[in-house]
Amino acid sequence: MDSLEVFTLIAGLVGGLAMFLYGMNVMSGGLTKAAGGKLESVLAKVTEKPFIAYLFGVGVTALVQSSSASTVMVVGLVNSGIMTLKQAVNVILGANLGTTFTAWLLSLNAISSDNFIINLLKPRSFTPFLALIGIALYMFAKNDKKKNVGTILLGFAVLMFGMSSMSDAVSPLKDVESFKAVLTTFSNPLIGFLVGIIFTMVIQSSAGTIGVLQALSLSVTVSYSVAIPVVVGAEVGTCITAILSSLGANKNGKRTALMHLYFNVIKASTFMILFYVINAIVHFGFMDEKIGMVGIAGIHTLINLVATPLMLPFSGILVALALKTIPIDEREKKEQEEQQGIRTLDPRFLTNPPFALEQARQAAIAMAEMSKDALNKAIGLITNFDSEVAADVDYLERKVDKYEDQLGTYLMQINAHHLGVKDSHTLSVLLHCITDYERISDHALNIMQKAQNMSENKRSFSPKAQSEMEIFASAVQEIMDLSIKAFVDQDVEQAKMIEPLEETIDGIHTEIKRRHVRRLRKGKCTIEQGFDLSDIGTDYERIADHCSNIAVGIIEVDEDAYDAHGYIEQLKADRGEGFDKAVEFYQNKYLLPAVKF
């Protein structure tokens with residue numbers, strides 16, 4: 001071969017490999033987006049049972065067409081605390097079997113027949129039509145789901161075109177004796193094994209390595225003795241992606257990547273030793289025979305089909321090895337306790353915005369529940385002060401502050417990515433609401449501090465004032481419950497029930513202040529008690545205002561209108577029979593007892 005032919009061959013092979021890897025990446029991304037973050041959510045929930053986790057690992061990897069992608073996903077889930085090492089290891093085992101699906105998909109290129117119907121199954125026949133449908137959906141569809149389908153079809157078409165390009169590029173090599181001699185050296189188990197590892201580490205895809213091998217087998221005679229060690233080496237080389245992903249992870253994230261590495265090293269070394277020892281004794285007759293694309297896919301599947309179920313009952317060994325390599329220290333235990341919940345906002349999830357958004361939503365729900373817990377505990381302190389409960393309120397307030405800070409940053413990072421209409425609405429609701437929940441926790445802290453001051457100075461409300469404040473507190477607790485329910489479910493109808501209650505709470509506050517002034521004039525309470533009542537009442541009313549803000553945010557996002565003040569004014573101006581009835585219902589429910597002065 002002259003230099004021009006060599007250059008053309010290398011360019012065709014590299015270009016084909018680039019298209020193959022790009023197509024696989026595009027298809028995987030499209031499949032992940034089409035799942036809308038649900039894959040990871042389900043993955044985190046179903047992994048309690050080892051066999052179910054294993055099967056799910058098989059399914060997810062077959063779906064996203066990449067064991068590297070699913071393993072990196074698992075690293076992120078473990079790093080965020082959503083999944084434990086014991087849960088992750090079984091998913092990883094399943095991922096190793098699931099990735100073999102790609103090789104069978106590529107084997108469609110080996111179809112050869114004069115029958116028109118059978119020949120249609122060959123990718124060269126149908127890929128152009130898939131590409132045409134894919135580009136039409138991607139360019140003209142307005143629905144995000146259809147666009148994702150278009151992306152999947154385009155990715156598959158590019159992947160298959162890359163495979164064909166590689167096969168065409170290496171076709172001239174079938175008559176080149178020097179290449180045959182180089183290829184023959186791969187039949188040395190150690191050399192072939194190392195080539196498989198190194199090549200896979202470079203391109204970061206075992207499917208890519210096996211795809212190149214399959215492309216070679218279409219045009220050049222590749223024997224079993226050449227293919228087997230390369231395929232086994234690819235199993236080890238593919239671990240590099242998870243290892244690189246874990247470099248910025250916490251210790252558990254690194255342990256997850258190590259489990260993946262340890263399993264593949266154990267699997268590959270055991271197979272190589274047993275297979276070649278037996279071959280040295282019995283001399284397998286098929287080793288010098290041509291393998292073909294289907295044979296390569298079969299070897300890849302057979303190794304994992306035997307190894308992964310066998311390892312399943314002993315998966316704890318992989319966890320133990322990872323923990324032995326990176327032991328748990330006291331500092332890590334303390335960090336885990338302090339960061340619990342916040343680590344769900346893992347930067348790795350940003351590559352899958354719908355799932356990242358779901359994690360942010362779950363963190364925001366936790367934040368809302370903490371604000372509610374802080375409020376309820378603070379209210380209880382007014383009549384029964386307890387220093388330990390007061391410390392809990394202070395802790396919850398600080399934790400909510402941390403959530404609000406990290407959630408705000410994380411949501412802005414998600415916002416930088418393309419989101420569907422529904423996800424954009426969800427993100428807007430979260431951005432609207434997290435500040436209000438943080439402010440509610442601040443008011444809970446104010447109430448706790450006021451209760452502490454009353455306790456230290458041995459002040460308490462008069463029986464009548466206490467009875468009124470308890471009714472006031474009950475109304476505030478209900479509006480808090482309503483706001484959280486509307487927020488969690490993004491329930492617009494529930495949100496519309498909040499404004500009538502907020503108006504009722506304003507009325508309760510006004511009436512309680514009026515009654516206090518009357519009692520003060522009659523000498524039935526002190527100025528200091530009045531300050532206590534006023535301060536706590538102001539916190540109650542402002543908590544109700546923040547709940548109203550949350551409800552308005554949910555309604556506005558649903559209606560694509562963003563003017564909170566204008567919305568409330570319009571609502572009160574147009575108050576219909578339903579609104580007035582709701583106000584009347586709450587006024588009767590939280591009716592202050594009649595008093596005589």
# chains A, B, ... in the order shown; residues from 1 in each chain; ligands from 1

$ residues_around --residues "stretch 411-414 of chain A" --least-positions-apart "4" --cutoff "8 Å" --atoms "only C-alpha atoms" --output "count of residues only"
8

$ atom_distance --atom1 "atom CA of A:Asn384" --atom2 "atom CA of A:Asp535"
18.0 Å

$ residues_around --residues "A:Phe487" --least-positions-apart "4" --cutoff "10 Å" --atoms "only C-alpha atoms" --output "PyMOL selection string"
chain A and resi 361+364-365+368+426+429-430+433+481-483+491-492+494-495+547+550-551+553-554

$ write_last_selection --atoms "C-alpha atoms" --output "tab-separated table (two decimals), in the first residue's frame"
chain	number	residue	atom	x	y	z
A	361	ARG	CA	-37.50	19.13	43.85
A	364	ALA	CA	-36.95	21.48	48.21
A	365	ILE	CA	-39.73	19.26	49.61
A	368	ALA	CA	-40.32	22.73	53.19
A	426	THR	CA	-41.27	22.97	37.85
A	429	VAL	CA	-42.00	26.99	41.00
A	430	LEU	CA	-38.91	25.87	42.91
A	433	CYS	CA	-40.81	28.94	46.65
A	481	ASP	CA	-49.84	22.43	55.54
A	482	LEU	CA	-51.85	23.65	52.54
A	483	SER	CA	-48.85	25.39	51.01
A	491	ASP	CA	-51.81	21.44	42.74
A	492	VAL	CA	-53.30	24.71	41.46
A	494	GLN	CA	-55.15	23.48	46.40
A	495	ALA	CA	-53.09	26.65	45.97
A	547	CYS	CA	-47.51	30.74	52.18
A	550	ILE	CA	-45.93	30.12	47.41
A	551	ALA	CA	-49.53	29.59	46.28
A	553	GLY	CA	-46.10	31.27	42.47
A	554	ILE	CA	-47.66	27.88	41.74

$ atom_distance --atom1 "atom CA of A:Ile299" --atom2 "atom CA of A:Leu216"
15.9 Å

$ residues_around --residues "stretch 448-458 of chain A" --least-positions-apart "2" --cutoff "6 Å" --atoms "only C-alpha atoms" --output "VMD selection string"
chain A and resid 378 381 to 382 445 to 446

$ closest_residue --among "A:Ser206, A:Ser441, A:Asn96, A:Ser225" --to "A:Ile191" --atoms "only C-alpha atoms"
A:Ser225

$ atom_distance --atom1 "atom CA of A:Ala136" --atom2 "atom CA of A:Thr151"
10.1 Å

$ residues_around --residues "A:Leu258" --least-positions-apart "5" --cutoff "12 Å" --atoms "only C-alpha atoms" --output "PyMOL selection string"
chain A and resi 71-72+75+85+88-89+92+236+239-247+251-253+263-266+318-326

$ write_last_selection --atoms "N, CA and C atoms" --output "tab-separated table (two decimals), in the first residue's frame"
chain	number	residue	atom	x	y	z
A	71	THR	N	-22.90	3.19	34.75
A	71	THR	CA	-22.02	3.11	35.92
A	71	THR	C	-21.72	4.50	36.48
A	72	VAL	N	-21.51	5.48	35.59
A	72	VAL	CA	-21.31	6.86	36.04
A	72	VAL	C	-22.57	7.36	36.76
A	75	VAL	N	-22.45	5.91	40.15
A	75	VAL	CA	-21.45	6.64	40.95
A	75	VAL	C	-22.08	7.92	41.52
A	85	LEU	N	-23.65	1.44	48.80
A	85	LEU	CA	-22.70	0.60	48.06
A	85	LEU	C	-23.29	-0.79	47.80
A	88	ALA	N	-25.63	-0.50	44.96
A	88	ALA	CA	-24.95	-0.15	43.70
A	88	ALA	C	-24.25	-1.34	43.06
A	89	VAL	N	-23.66	-2.20	43.88
A	89	VAL	CA	-22.85	-3.28	43.33
A	89	VAL	C	-23.68	-4.21	42.43
A	92	ILE	N	-24.28	-2.58	39.08
A	92	ILE	CA	-23.05	-2.64	38.29
A	92	ILE	C	-22.89	-4.01	37.63
A	236	VAL	N	-12.07	-4.69	30.94
A	236	VAL	CA	-11.31	-3.99	31.99
A	236	VAL	C	-11.13	-2.52	31.62
A	239	CYS	N	-13.62	0.42	32.50
A	239	CYS	CA	-13.72	0.95	33.87
A	239	CYS	C	-13.14	2.36	33.99
A	240	ILE	N	-12.35	2.78	33.02
A	240	ILE	CA	-11.68	4.08	33.11
A	240	ILE	C	-12.68	5.22	33.20
A	241	THR	N	-13.83	5.10	32.52
A	241	THR	CA	-14.81	6.19	32.53
A	241	THR	C	-15.36	6.43	33.92
A	242	ALA	N	-15.75	5.35	34.60
A	242	ALA	CA	-16.27	5.48	35.96
A	242	ALA	C	-15.19	6.00	36.92
A	243	ILE	N	-13.95	5.54	36.72
A	243	ILE	CA	-12.85	5.99	37.58
A	243	ILE	C	-12.62	7.49	37.42
A	244	LEU	N	-12.60	7.97	36.17
A	244	LEU	CA	-12.42	9.40	35.92
A	244	LEU	C	-13.57	10.21	36.51
A	245	SER	N	-14.79	9.66	36.38
A	245	SER	CA	-15.97	10.34	36.91
A	245	SER	C	-15.91	10.45	38.43
A	246	SER	N	-15.28	9.47	39.07
A	246	SER	CA	-15.26	9.43	40.54
A	246	SER	C	-14.17	10.30	41.15
A	247	LEU	N	-13.30	10.87	40.31
A	247	LEU	CA	-12.18	11.64	40.86
A	247	LEU	C	-12.66	12.81	41.71
A	251	LYS	N	-15.80	9.71	49.02
A	251	LYS	CA	-15.20	8.38	49.13
A	251	LYS	C	-16.13	7.27	48.65
A	252	ASN	N	-17.43	7.40	48.91
A	252	ASN	CA	-18.36	6.39	48.45
A	252	ASN	C	-18.44	6.35	46.93
A	253	GLY	N	-18.37	7.51	46.30
A	253	GLY	CA	-18.36	7.55	44.84
A	253	GLY	C	-17.13	6.84	44.29
A	263	PHE	N	-14.57	-5.93	39.94
A	263	PHE	CA	-15.35	-7.00	39.33
A	263	PHE	C	-14.81	-7.36	37.95
A	264	ASN	N	-14.53	-6.34	37.15
A	264	ASN	CA	-14.06	-6.62	35.79
A	264	ASN	C	-12.67	-7.22	35.78
A	265	VAL	N	-11.82	-6.82	36.71
A	265	VAL	CA	-10.49	-7.43	36.80
A	265	VAL	C	-10.61	-8.89	37.22
A	266	ILE	N	-11.45	-9.16	38.23
A	266	ILE	CA	-11.65	-10.55	38.68
A	266	ILE	C	-12.24	-11.39	37.55
A	318	LEU	N	-17.15	-7.56	46.78
A	318	LEU	CA	-16.72	-6.34	46.07
A	318	LEU	C	-16.86	-5.12	46.97
A	319	VAL	N	-17.95	-5.08	47.74
A	319	VAL	CA	-18.14	-3.97	48.69
A	319	VAL	C	-17.03	-3.97	49.73
A	320	ALA	N	-16.71	-5.17	50.24
A	320	ALA	CA	-15.66	-5.29	51.26
A	320	ALA	C	-14.30	-4.85	50.71
A	321	LEU	N	-14.01	-5.24	49.46
A	321	LEU	CA	-12.74	-4.84	48.84
A	321	LEU	C	-12.65	-3.32	48.70
A	322	ALA	N	-13.76	-2.71	48.28
A	322	ALA	CA	-13.77	-1.25	48.11
A	322	ALA	C	-13.58	-0.55	49.44
A	323	LEU	N	-14.26	-1.06	50.48
A	323	LEU	CA	-14.12	-0.46	51.81
A	323	LEU	C	-12.74	-0.71	52.41
A	324	LYS	N	-12.12	-1.83	52.02
A	324	LYS	CA	-10.77	-2.12	52.49
A	324	LYS	C	-9.77	-1.16	51.83
A	325	THR	N	-10.02	-0.88	50.56
A	325	THR	CA	-9.13	0.03	49.82
A	325	THR	C	-9.27	1.46	50.33
A	326	ILE	N	-10.52	1.90	50.52
A	326	ILE	CA	-10.77	3.25	51.02
A	326	ILE	C	-11.60	3.12	52.31

$ residues_around --residues "stretch 227-229 of chain A" --least-positions-apart "5" --cutoff "7 Å" --atoms "only C-alpha atoms" --output "list in words"
Pro189, Gly192, Phe193, Val222 and Ile296 of chain A

$ residues_around --residues "A:Gly155" --least-positions-apart "4" --cutoff "6 Å" --atoms "only C-alpha atoms" --output "list in words"
Gly23, Val26 and Met27 of chain A

$ write_last_selection --atoms "N, CA and C atoms" --output "CSV table (one decimal), in the first residue's frame"
chain,number,residue,atom,x,y,z
A,23,GLY,N,-22.4,8.9,17.5
A,23,GLY,CA,-23.8,8.4,17.3
A,23,GLY,C,-24.3,7.7,18.6
A,26,VAL,N,-25.0,10.4,21.2
A,26,VAL,CA,-26.3,11.1,20.9
A,26,VAL,C,-27.5,10.2,21.2
A,27,MET,N,-27.4,8.9,20.8
A,27,MET,CA,-28.5,8.0,21.0
A,27,MET,C,-28.7,7.8,22.5

$ closest_residue --among "A:Thr301, A:Ser371, A:Phe20, A:Pro593" --to "A:Ser165" --atoms "only C-alpha atoms"
A:Phe20

$ closest_residue --among "A:Leu592, A:Arg514, A:Met287, A:Gly211" --to "A:Ala103" --atoms "only C-alpha atoms"
A:Gly211
